[in-house]
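Quick look at data-v3.pdb (PDB, C-alpha atoms, pLDDT in the B column):
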ATOM      1  CA  TYR Q 630      10.685 -18.626   7.098  1.00 94.00           C
ATOM      2  CA  LEU Q 631      12.254 -21.315   9.262  1.00 94.00           C
ATOM      3  CA  LEU Q 632      14.443 -23.848   7.470  1.00 92.00           C
ATOM      4  CA  ASN Q 633      14.289 -27.163   9.312  1.00 92.00           C
ATOM      5  CA  GLN Q 634      14.083 -30.908   8.883  1.00 89.00           C
ATOM      6  CA  ASP Q 635      12.087 -32.104  11.843  1.00 90.00           C
ATOM      7  CA  ILE Q 636      10.304 -29.421  13.844  1.00 95.00           C
ATOM      8  CA  PRO Q 637       6.768 -30.742  14.475  1.00 96.00           C
ATOM      9  CA  GLN Q 638       3.794 -28.995  12.896  1.00 96.00           C
ATOM     10  CA  GLU Q 639       2.256 -28.612  16.358  1.00 97.00           C
ATOM     11  CA  TRP Q 640       5.129 -26.320  17.346  1.00 97.00           C
ATOM     12  CA  PHE Q 641       4.508 -24.112  14.308  1.00 96.00           C
ATOM     13  CA  SER Q 642       0.794 -23.964  15.111  1.00 96.00           C
ATOM     14  CA  GLN Q 643       1.486 -22.706  18.637  1.00 96.00           C
ATOM     15  CA  ILE Q 644       4.085 -20.137  17.555  1.00 96.00           C
ATOM     16  CA  ARG Q 645       1.790 -18.811  14.806  1.00 96.00           C
ATOM     17  CA  ILE Q 646      -0.867 -17.961  17.398  1.00 96.00           C
ATOM     18  CA  TYR Q 647       1.543 -15.549  19.114  1.00 94.00           C
ATOM     19  CA  LEU Q 648       2.973 -14.173  15.888  1.00 96.00           C
ATOM     20  CA  GLN Q 649      -0.460 -13.439  14.414  1.00 96.00           C
ATOM     21  CA  GLU Q 650      -1.269 -11.292  17.450  1.00 96.00           C
ATOM     22  CA  MET Q 651       1.684  -9.101  16.400  1.00 93.00           C
ATOM     23  CA  GLY Q 652       0.821  -9.186  12.692  1.00 95.00           C
ATOM     24  CA  GLY Q 653       3.506 -11.729  11.859  1.00 94.00           C
ATOM     25  CA  ASP Q 654       3.694 -15.222  10.468  1.00 94.00           C
ATOM     26  CA  LEU Q 655       6.137 -18.101  10.310  1.00 95.00           C
ATOM     27  CA  ILE Q 656       6.590 -20.296   7.257  1.00 95.00           C
ATOM     28  CA  ASP Q 657       7.718 -23.883   7.778  1.00 96.00           C
ATOM     29  CA  CYS Q 658      10.356 -24.741   5.156  1.00 94.00           C
ATOM     30  CA  LYS Q 659      10.978 -28.465   5.457  1.00 92.00           C
ATOM     31  CA  LEU Q 660      14.273 -29.685   4.062  1.00 89.00           C
ATOM     32  CA  ILE Q 661      13.327 -33.255   3.209  1.00 82.00           C
ATOM     33  CA  GLY Q 662      14.311 -35.623   0.455  1.00 73.00           C
ATOM     34  CA  SER Q 663      17.578 -36.581  -1.145  1.00 69.00           C
ATOM     35  CA  GLN Q 664      18.357 -33.085  -2.438  1.00 65.00           C
ATOM     36  CA  PHE Q 665      18.674 -31.861   1.152  1.00 69.00           C
ATOM     37  CA  GLN Q 666      21.084 -34.527   2.384  1.00 70.00           C
ATOM     38  CA  MET Q 667      23.841 -32.463   3.949  1.00 66.00           C
ATOM     39  CA  ASN Q 668      26.198 -35.051   5.355  1.00 68.00           C
ATOM     40  CA  TRP Q 669      29.267 -32.875   5.155  1.00 72.00           C
ATOM     41  CA  SER Q 670      31.615 -33.513   8.008  1.00 63.00           C
ATOM     42  CA  ASN Q 671      33.553 -30.707   9.586  1.00 61.00           C
ATOM     43  CA  LYS Q 672      36.417 -30.321  12.023  1.00 63.00           C
ATOM     44  CA  LEU Q 673      34.360 -28.111  14.301  1.00 65.00           C
ATOM     45  CA  PRO Q 674      31.909 -30.016  16.506  1.00 71.00           C
ATOM     46  CA  HIS Q 675      29.714 -26.950  17.102  1.00 71.00           C
ATOM     47  CA  ILE Q 676      28.808 -26.715  13.407  1.00 74.00           C
ATOM     48  CA  ASN Q 677      25.608 -28.631  12.723  1.00 74.00           C
ATOM     49  CA  HIS Q 678      24.763 -29.870   9.230  1.00 76.00           C
ATOM     50  CA  MET Q 679      21.733 -27.550   9.232  1.00 81.00           C
ATOM     51  CA  THR Q 680      24.042 -24.553   8.916  1.00 83.00           C
ATOM     52  CA  PHE Q 681      24.281 -25.489   5.241  1.00 87.00           C
ATOM     53  CA  ALA Q 682      20.498 -25.076   4.896  1.00 89.00           C
ATOM     54  CA  ARG Q 683      20.954 -21.434   3.889  1.00 91.00           C
ATOM     55  CA  TYR Q 684      22.125 -22.739   0.500  1.00 94.00           C
ATOM     56  CA  PHE Q 685      18.484 -23.635  -0.214  1.00 92.00           C
ATOM     57  CA  ILE Q 686      16.889 -20.263   0.580  1.00 94.00           C
ATOM     58  CA  PRO Q 687      16.000 -19.529  -3.081  1.00 93.00           C
ATOM     59  CA  ASP Q 688      14.055 -22.811  -3.183  1.00 92.00           C
ATOM     60  CA  PHE Q 689      11.613 -21.447  -0.590  1.00 94.00           C
ATOM     61  CA  VAL Q 690      11.720 -17.648  -0.707  1.00 95.00           C
ATOM     62  CA  THR Q 691      10.654 -15.647  -3.761  1.00 95.00           C
ATOM     63  CA  GLU Q 692      11.471 -12.114  -2.585  1.00 96.00           C
ATOM     64  CA  ASP Q 693      14.399 -10.392  -4.312  1.00 97.00           C
ATOM     65  CA  LYS Q 694      16.221  -9.810  -1.018  1.00 98.00           C
ATOM     66  CA  VAL Q 695      16.387 -12.120   1.974  1.00 97.00           C
ATOM     67  CA  LEU Q 696      17.746 -11.366   5.424  1.00 98.00           C
ATOM     68  CA  TYR Q 697      19.315 -14.516   6.838  1.00 97.00           C
ATOM     69  CA  LEU Q 698      19.834 -14.553  10.610  1.00 96.00           C
ATOM     70  CA  ASP Q 699      21.590 -17.295  12.557  1.00 92.00           C
ATOM     71  CA  SER Q 700      19.427 -18.911  15.215  1.00 88.00           C
ATOM     72  CA  ASP Q 701      21.686 -17.708  18.052  1.00 90.00           C
ATOM     73  CA  LEU Q 702      21.023 -14.002  17.437  1.00 93.00           C
ATOM     74  CA  ILE Q 703      18.978 -11.630  19.526  1.00 96.00           C
ATOM     75  CA  VAL Q 704      17.478  -8.782  17.508  1.00 95.00           C
ATOM     76  CA  THR Q 705      16.930  -5.636  19.569  1.00 97.00           C
ATOM     77  CA  GLY Q 706      16.034  -3.116  16.883  1.00 95.00           C
ATOM     78  CA  ASP Q 707      14.259  -2.544  13.617  1.00 95.00           C
ATOM     79  CA  LEU Q 708      15.923  -4.291  10.669  1.00 96.00           C
ATOM     80  CA  THR Q 709      13.824  -2.613   7.968  1.00 95.00           C
ATOM     81  CA  ASP Q 710      16.614  -0.267   6.842  1.00 96.00           C
ATOM     82  CA  LEU Q 711      18.755  -3.231   5.814  1.00 96.00           C
ATOM     83  CA  PHE Q 712      16.343  -3.917   2.964  1.00 96.00           C
ATOM     84  CA  GLU Q 713      16.981  -0.421   1.580  1.00 96.00           C
ATOM     85  CA  LEU Q 714      20.623  -1.314   0.953  1.00 97.00           C
ATOM     86  CA  ASP Q 715      21.411  -1.390  -2.764  1.00 98.00           C
ATOM     87  CA  LEU Q 716      23.218  -4.672  -3.372  1.00 98.00           C
ATOM     88  CA  GLY Q 717      23.924  -3.833  -7.003  1.00 96.00           C
ATOM     89  CA  GLU Q 718      25.543  -6.864  -8.629  1.00 96.00           C
ATOM     90  CA  ASN Q 719      26.844  -8.199  -5.308  1.00 98.00           C
ATOM     91  CA  TYR Q 720      25.653 -11.576  -4.075  1.00 98.00           C
ATOM     92  CA  LEU Q 721      25.179 -10.411  -0.503  1.00 98.00           C
ATOM     93  CA  ALA Q 722      25.967  -7.881   2.184  1.00 98.00           C
ATOM     94  CA  ALA Q 723      27.590  -8.949   5.434  1.00 96.00           C
ATOM     95  CA  ALA Q 724      29.735  -7.684   8.284  1.00 92.00           C
ATOM     96  CA  ARG Q 725      33.452  -8.344   8.197  1.00 88.00           C
ATOM     97  CA  SER Q 726      34.537 -11.259  10.336  1.00 82.00           C
ATOM     98  CA  CYS Q 727      36.754 -10.327  13.245  1.00 74.00           C
ATOM     99  CA  PHE Q 728      37.480 -13.920  14.255  1.00 69.00           C
ATOM    100  CA  GLY Q 729      38.511 -17.074  12.492  1.00 59.00           C
ATOM    101  CA  ALA Q 730      41.151 -18.318  10.165  1.00 60.00           C
ATOM    102  CA  GLY Q 731      40.940 -15.781   7.398  1.00 62.00           C
ATOM    103  CA  VAL Q 732      39.751 -12.371   6.382  1.00 72.00           C
ATOM    104  CA  GLY Q 733      36.231 -12.275   5.056  1.00 91.00           C
ATOM    105  CA  PHE Q 734      32.670 -11.844   6.233  1.00 95.00           C
ATOM    106  CA  ASN Q 735      30.686 -13.318   9.082  1.00 93.00           C
ATOM    107  CA  ALA Q 736      27.870 -15.500   7.753  1.00 94.00           C
ATOM    108  CA  GLY Q 737      25.592 -15.074  10.785  1.00 93.00           C
ATOM    109  CA  VAL Q 738      23.778 -12.082   9.298  1.00 96.00           C
ATOM    110  CA  LEU Q 739      23.465 -11.973   5.521  1.00 97.00           C
ATOM    111  CA  LEU Q 740      21.414  -9.744   3.278  1.00 98.00           C
ATOM    112  CA  ILE Q 741      21.147 -12.042   0.275  1.00 98.00           C
ATOM    113  CA  ASN Q 742      20.562 -10.959  -3.298  1.00 98.00           C
ATOM    114  CA  ASN Q 743      18.050 -13.773  -3.730  1.00 98.00           C
ATOM    115  CA  LYS Q 744      17.196 -12.848  -7.302  1.00 96.00           C
ATOM    116  CA  LYS Q 745      20.858 -13.198  -8.295  1.00 97.00           C
ATOM    117  CA  TRP Q 746      21.295 -16.427  -6.284  1.00 97.00           C
ATOM    118  CA  GLY Q 747      18.304 -17.967  -8.036  1.00 94.00           C
ATOM    119  CA  SER Q 748      19.176 -16.864 -11.558  1.00 95.00           C
ATOM    120  CA  GLU Q 749      22.807 -17.969 -11.286  1.00 96.00           C
ATOM    121  CA  THR Q 750      22.176 -21.369  -9.643  1.00 94.00           C
ATOM    122  CA  ILE Q 751      24.208 -20.376  -6.601  1.00 97.00           C
ATOM    123  CA  ARG Q 752      22.765 -23.277  -4.604  1.00 94.00           C
ATOM    124  CA  GLN Q 753      24.435 -25.810  -6.878  1.00 94.00           C
ATOM    125  CA  LYS Q 754      27.712 -23.865  -6.892  1.00 96.00           C
ATOM    126  CA  LEU Q 755      27.704 -23.857  -3.083  1.00 96.00           C
ATOM    127  CA  ILE Q 756      26.909 -27.571  -2.948  1.00 93.00           C
ATOM    128  CA  ASP Q 757      29.662 -28.400  -5.438  1.00 94.00           C
ATOM    129  CA  LEU Q 758      32.220 -26.305  -3.565  1.00 95.00           C
ATOM    130  CA  THR Q 759      31.159 -27.814  -0.232  1.00 91.00           C
ATOM    131  CA  GLU Q 760      31.470 -31.356  -1.612  1.00 88.00           C
ATOM    132  CA  LYS Q 761      34.996 -30.506  -2.716  1.00 91.00           C
ATOM    133  CA  GLU Q 762      36.203 -28.498   0.303  1.00 90.00           C
ATOM    134  CA  HIS Q 763      34.153 -29.463   3.383  1.00 83.00           C
ATOM    135  CA  GLU Q 764      36.990 -31.405   5.006  1.00 83.00           C
ATOM    136  CA  ASN Q 765      39.513 -28.618   4.414  1.00 85.00           C
ATOM    137  CA  VAL Q 766      37.719 -25.536   5.728  1.00 85.00           C
ATOM    138  CA  GLU Q 767      38.042 -24.068   9.197  1.00 81.00           C
ATOM    139  CA  GLU Q 768      34.634 -22.426   9.551  1.00 85.00           C
ATOM    140  CA  GLY Q 769      32.152 -24.709   7.799  1.00 85.00           C
ATOM    141  CA  ASP Q 770      29.733 -22.985   5.468  1.00 90.00           C
ATOM    142  CA  GLN Q 771      31.121 -19.565   6.406  1.00 92.00           C
ATOM    143  CA  SER Q 772      34.413 -20.552   4.780  1.00 92.00           C
ATOM    144  CA  ILE Q 773      32.581 -21.911   1.732  1.00 95.00           C
ATOM    145  CA  LEU Q 774      30.512 -18.735   1.352  1.00 97.00           C
ATOM    146  CA  ASN Q 775      33.656 -16.615   1.640  1.00 96.00           C
ATOM    147  CA  MET Q 776      35.426 -18.728  -0.964  1.00 96.00           C
ATOM    148  CA  LEU Q 777      32.584 -18.449  -3.474  1.00 98.00           C
ATOM    149  CA  PHE Q 778      31.741 -14.788  -2.914  1.00 97.00           C
ATOM    150  CA  LYS Q 779      35.244 -13.410  -2.391  1.00 93.00           C
ATOM    151  CA  ASP Q 780      35.258  -9.759  -3.503  1.00 89.00           C
ATOM    152  CA  GLN Q 781      31.590 -10.006  -4.606  1.00 95.00           C
ATOM    153  CA  TYR Q 782      29.857  -8.810  -1.460  1.00 96.00           C
ATOM    154  CA  LEU Q 783      29.256  -5.542   0.380  1.00 95.00           C
TER     155      LEU Q 783
END
Serialized structure, structure tokens:
Amino acid sequence: YLLNQDIPQEWFSQIRIYLQEMGGDLIDCKLIGSQFQMNWSNKLPHINHMTFARYFIPDFVTEDKVLYLDSDLIVTGDLTDLFELDLGENYLAAARSCFGAGVGFNAGVLLINNKKWGSETIRQKLIDLTEKEHENVEEGDQSILNMLFKDQYL
């Protein structure tokens, strides 16, 4: 799944050719329409509005667990074992952040309890909190995610 607003279909067609040779696929998840307007400003110029796209994962993905990976990651090993992690009633699993303004988790790699996010309308809670706090946070959506899921993650 690739959340995006404007990547051309031709690009997806070319990438799918290579992925199919390896038994993979890529699903184009277009964030279009008024519900995906993410015009939240932020103090940090390196944070693009598309970082908030992860809020909409349950709108596109039906699996109970979702592994979200930032686009600047390089994966060098098998990630299958992550899906064996029992999330219990937690909203997600993430690594502790070692940088930034506060203590919490790094939002670059998230194992999301998608079933829980969908059933508890987490998307709307994230949007509401972002609308309220986007000008006050130091780390964009990472700060918002930490605020909402404080003490409710692995």
Enumerate, as a PyMOL selection string, the residues matched when the PyMOL selection byres ((chain Q and resi 642-656) around 9) is run on the file above. chain Q and resi 630-632+638-641+657-658
Using only C-alpha atoms for the distances, tell me which of Q:Lys745, Q:Lys761, Q:Lys659, Q:Arg725 is nearest to Q:Ile636. Q:Lys659
Excluding Q:Gln781 and any residue of its chain fewer than 2 positions from it, enumerate the residues within 9 Å of it, using only C-alpha atoms, and give them as a ChimeraX atom specification. /Q:718-721,777-779,783
Emit the selected residues as a short mmCIF file (atom, residue, chain, number, x, y, z; two decimals), keeping the file's coordinate frame, including C-alpha atoms.
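What ended up in out32.cif:
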data_model
loop_
_atom_site.label_atom_id
_atom_site.label_comp_id
_atom_site.auth_asym_id
_atom_site.auth_seq_id
_atom_site.Cartn_x
_atom_site.Cartn_y
_atom_site.Cartn_z
CA GLU Q 718 25.54 -6.86 -8.63
CA ASN Q 719 26.84 -8.20 -5.31
CA TYR Q 720 25.65 -11.58 -4.08
CA LEU Q 721 25.18 -10.41 -0.50
CA LEU Q 777 32.58 -18.45 -3.47
CA PHE Q 778 31.74 -14.79 -2.91
CA LYS Q 779 35.24 -13.41 -2.39
CA LEU Q 783 29.26 -5.54 0.38
#
Between atom CA of Q:Asn765 and atom CA of Q:Pro687, distance in Å (one decimal): 26.3 Å
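The residue that comes closest to Q:Asn742, out of Q:Asp699, Q:Glu767, Q:Asp715, Q:Asp635 and on the basis of all atoms listed in the file, is Q:Asp715.
Nearest residue to Q:Phe689 among Q:Leu774, Q:Leu660, Q:Cys727, Q:Ile756 is Q:Leu660, counting all atoms listed in the file.
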